[in-house]
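Visitor: Below is the structure I would like to discuss, written out as structure tokens.
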Amino acid sequence: MTSAVIVDVVRTASGRGKPGGALSGVHPVDLAATVLSSVLERNGLESRQIDDVIWGTVSQVGDQSMNIARQATLAAGFDETVPATTIDRQCGSSQQAAHFAAQGVIAGAYDIVIAGGVESMSRVPLGSSSRGGSSSSRLGERYPEGLVNQGISAELIAAKWGFDRDRLDAFAAESHRRAALAADSGWFDSALIEVDVTGADGERHGLRRDETIRSATTVEGLSGLQPSFYDEQVVARFPQIGWSITPGNSSPLTDGSSAALIMSEAKAAELGLTPRARFHSFAVVGDDPLYMLTGPIPATRRILERSGLSFDDLDAYEVNEAFASVPLAWAHEFDADPAKLNPWGGAIALGHALGSSGTRLLGTLLTHLEATGGRYGLQTMCEGGGLANATIIERL
């Protein structure tokens with residue numbers, strides 16, 4: 001069977017996803033185009049060699065509407081014959097893009113694909129795509145008490161697994177500590193590409209460091225933050241909630257873009273490119289849409305069943321830190337080694353640019369395996385609506 005291999009993964013630094021953030025002045029089309037151009041330049045490819053560009057973006061409105069993948073490939077100077085499509089698997093959109101790309105290679109439909117994503121949460125705020133919409137009557141009949149937002153789901157998870165505020169804040173502080181150490185040690189440098197931005201002083205400069213990492217973060221400092229999602233109506237419905245989810249133990253609003261160069265092993269050999277890893281296994285699941293963010297647990301169980309690997313075979317696991325309660329619940333269910341869980345920090349520190357996060361995690365996982373000599377890595381992502389993707393890669 002044809003193997004799908006990863007030749008390169010690149011990303012921008014993470015910018016704060018609000019006005020004044022380092023990347024807020026960059027149009028998301030241009031942000032994505034910068035990443036796409038870099039993939040070609042770093043690997044000596046011509047755009048005509050790319051069979052497809054599969055791109056993840058969650059809020060597909062405003063600056064991110066009208067098939068942003070196609071706009072970005074044209075903005076990047078790709079030949080007009082190169083196709084591109086934009087997909088939405090919520091927070092796992094670019095992870096799903098990588099799945100589709102690799103599966104297309106394995107099936108023989110593609111030789112070379114670029115999979116990635118972009119999200120400018122400063123320019124297209126979270127929830128923009130749902131504004132002005134009405135509720136489905138049939139969905140309401142199935143869930144008469146109504147579903148909740150992701151913050152409330154994170155609170156429900158914390159309550160169900162018994163994570164108090166101190167535990168959540170400690171996890172968040174450790175995420176910043178690990179990410180700051182990785183950044184200071186240059187462990188992200190091989191994947192980071194420079195983006196030309198205008199600073200607060202009006203001067204142009206290159207951004208190559210994540211703006212979201214706060215190296216001075218402490219549990220004591222986080223303890224003073226107020227809960228983000230307190231709602232009196234929700235209190236009556238879910239009295240078990242302890243209201244422990246704050247801006248400090250949640251991923252920040254983020255701008256960013258990332259991409260992976262995926263191809264067949266034979267094509268890599270033909271082009272003289274070195275495969276860094278191969279896709280070993282895939283899984284995608286649906287889960288309880290009320291708890292919503294627990295999907296990585298059944299997704300991990302499914303991918304282990306399909307892969308023939310045991311949990312002990314895994315050398316590292318990237319579990320997206322949408323909220324601290326999500327990876328903590330996952331780790332509890334698998335009795336996971338804390339040292340292998342998001343070893344270079346996660347989205348609480350590195351940011352969560354929704355449509356870009358999947359390939360950002362993929363690059364971090366791959367680079368960590370290379371740095372430590374690990375063989376197998378697992379990536380899994382909670383997604384809006386009670387979904388989750390899981391991927392296992394094997395370092396080559």
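Residue numbers start at 1 in each chain; chains themselves are named A, B, ... in the order of the structure tokens; ligands are numbered from 1 in the order shown.
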Residues near segment 197-209 of chain A, anyone? I mean within 8 Å using only C-alpha atoms, not counting same-chain ones fewer than 5 positions away, as a list in words.
Guide: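 The residues satisfying every condition are Thr12, Ala13, Ser14, Gly20, Ala22, Leu23, Gly25, Val26, Ala183 and Leu192 of chain A.
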Visitor: Just the selected residues (C-alpha atoms), exported as a PDB file, in the first residue's frame, please.
Guide:
ATOM      1  CA  THR A  12       3.595  31.399  11.633  1.00  0.00           C
ATOM      2  CA  ALA A  13       4.088  32.559  15.185  1.00  0.00           C
ATOM      3  CA  SER A  14       0.857  32.903  17.154  1.00  0.00           C
ATOM      4  CA  GLY A  20      -3.555  45.402  18.284  1.00  0.00           C
ATOM      5  CA  ALA A  22       0.908  41.291  16.254  1.00  0.00           C
ATOM      6  CA  LEU A  23      -0.849  39.672  13.272  1.00  0.00           C
ATOM      7  CA  GLY A  25      -2.962  43.906  10.569  1.00  0.00           C
ATOM      8  CA  VAL A  26      -2.366  40.970   8.220  1.00  0.00           C
ATOM      9  CA  ALA A 183      10.853  28.893  22.566  1.00  0.00           C
ATOM     10  CA  LEU A 192       8.541  28.943  12.293  1.00  0.00           C
TER      11      LEU A 192
END
Visitor: Considering only alpha helix (DSSP H) as DSSP defines it on the backbone, what residues of segment 215-273 of chain A qualify? List them as an mmCIF file with C-alpha atoms, in the first residue's frame.
Guide:
data_model
loop_
_atom_site.group_PDB
_atom_site.id
_atom_site.type_symbol
_atom_site.label_atom_id
_atom_site.label_comp_id
_atom_site.auth_asym_id
_atom_site.auth_seq_id
_atom_site.Cartn_x
_atom_site.Cartn_y
_atom_site.Cartn_z
ATOM 1 C CA VAL A 219 -0.571 29.668 39.680
ATOM 2 C CA GLU A 220 -0.803 32.560 42.119
ATOM 3 C CA GLY A 221 -1.245 35.042 39.299
ATOM 4 C CA LEU A 222 -3.871 32.911 37.575
ATOM 5 C CA GLU A 232 -27.154 32.394 36.475
ATOM 6 C CA GLN A 233 -29.468 30.478 34.150
ATOM 7 C CA VAL A 234 -26.830 27.782 33.738
ATOM 8 C CA VAL A 235 -26.375 27.599 37.528
ATOM 9 C CA ALA A 236 -29.954 26.406 37.895
ATOM 10 C CA ARG A 237 -29.559 23.776 35.197
ATOM 11 C CA GLU A 265 6.911 8.034 -0.394
ATOM 12 C CA ALA A 266 7.688 7.277 -4.040
ATOM 13 C CA LYS A 267 7.216 10.895 -5.077
ATOM 14 C CA ALA A 268 9.469 12.092 -2.254
ATOM 15 C CA ALA A 269 12.191 9.709 -3.455
ATOM 16 C CA GLU A 270 11.737 10.863 -7.047
ATOM 17 C CA LEU A 271 12.150 14.498 -6.002
#
Visitor: Rank nothing, just name the residue among A:Asn149, A:Arg16, A:Leu181, A:Ile193 nearest to Ala33 of chain A, using only C-alpha atoms.
Guide: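 Among the listed residues, the smallest separation from Ala33 of chain A belongs to A:Ile193.
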Visitor: So that I can see what lies close to Asp111 of chain A, please list as a PyMOL selection string the residues with an atom at most 12 Å from it, counting only C-alpha atoms and leaving out residues fewer than 4 positions away in the same chain.
Guide: chain A and resi 2-5+48-53+101-107+261-271
Visitor: Find the residue from A:Pro289, A:Gly162, A:Gly17, A:Pro125 that sits nearest to Leu139 of chain A; use only C-alpha atoms when measuring.
Guide: A:Pro289
Visitor: As a compact mmCIF listing (two decimals) with N, CA and C atoms, in the first residue's frame, please: every residue in segment 188-264 of chain A that a backbone DSSP assignment puts in strand (DSSP E or B).
Guide:
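part_30.txt written:
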# COMPACT_ATOMS: atom_id res chain seq x y z
N LEU A 192 9.05 27.57 12.33
CA LEU A 192 8.54 28.94 12.29
C LEU A 192 9.01 29.69 11.06
N VAL A 195 6.87 36.46 9.48
CA VAL A 195 5.79 37.23 8.87
C VAL A 195 6.12 38.70 9.06
N ASP A 196 6.03 39.46 7.98
CA ASP A 196 6.33 40.89 8.03
C ASP A 196 5.12 41.61 8.61
N VAL A 197 5.32 42.30 9.74
CA VAL A 197 4.21 42.99 10.42
C VAL A 197 4.63 44.41 10.76
N THR A 198 3.63 45.23 11.06
CA THR A 198 3.86 46.60 11.52
C THR A 198 3.67 46.65 13.02
N ARG A 204 8.14 48.44 10.43
CA ARG A 204 7.97 47.08 9.93
C ARG A 204 9.06 46.17 10.52
N HIS A 205 8.67 44.96 10.89
CA HIS A 205 9.65 44.00 11.39
C HIS A 205 9.11 42.59 11.18
N GLY A 206 9.97 41.62 11.34
CA GLY A 206 9.57 40.22 11.15
C GLY A 206 9.17 39.59 12.47
N LEU A 207 8.03 38.91 12.48
CA LEU A 207 7.55 38.22 13.69
C LEU A 207 7.88 36.74 13.57
N SER A 250 -7.70 28.74 29.83
CA SER A 250 -8.30 28.51 28.52
C SER A 250 -7.30 28.94 27.44
N LEU A 253 -7.71 33.73 22.34
CA LEU A 253 -8.05 34.05 20.96
C LEU A 253 -6.75 34.31 20.21
N THR A 254 -6.63 33.74 19.00
CA THR A 254 -5.31 33.70 18.34
C THR A 254 -5.43 33.89 16.83
N ASP A 255 -4.43 34.52 16.26
CA ASP A 255 -4.25 34.60 14.82
C ASP A 255 -3.07 33.70 14.43
N GLY A 256 -3.20 32.99 13.31
CA GLY A 256 -2.06 32.19 12.86
C GLY A 256 -2.41 31.33 11.67
N SER A 257 -1.38 30.76 11.07
CA SER A 257 -1.55 29.86 9.93
C SER A 257 -0.44 28.82 9.96
N SER A 258 -0.73 27.64 9.41
CA SER A 258 0.25 26.55 9.38
C SER A 258 -0.08 25.63 8.22
N ALA A 259 0.90 24.81 7.82
CA ALA A 259 0.69 23.89 6.71
C ALA A 259 1.67 22.74 6.75
N ALA A 260 1.23 21.61 6.19
CA ALA A 260 2.07 20.41 6.07
C ALA A 260 2.18 20.03 4.60
N LEU A 261 3.38 19.64 4.19
CA LEU A 261 3.61 19.13 2.84
C LEU A 261 3.56 17.61 2.91
N ILE A 262 2.57 17.05 2.22
CA ILE A 262 2.27 15.62 2.30
C ILE A 262 2.36 15.02 0.90
N MET A 263 3.01 13.87 0.78
CA MET A 263 3.14 13.24 -0.54
C MET A 263 3.35 11.74 -0.39
N SER A 264 3.36 11.05 -1.51
CA SER A 264 3.66 9.63 -1.47
C SER A 264 5.15 9.44 -1.24
Visitor: Here is a test: counting only C-alpha atoms, which residue of A:Ala349, A:Ile152, A:Leu361, A:Leu147 is nearest to Arg177 of chain A?
Guide: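 Comparing A:Ala349, A:Ile152, A:Leu361, A:Leu147 against Arg177 of chain A, the winner is A:Ala349.
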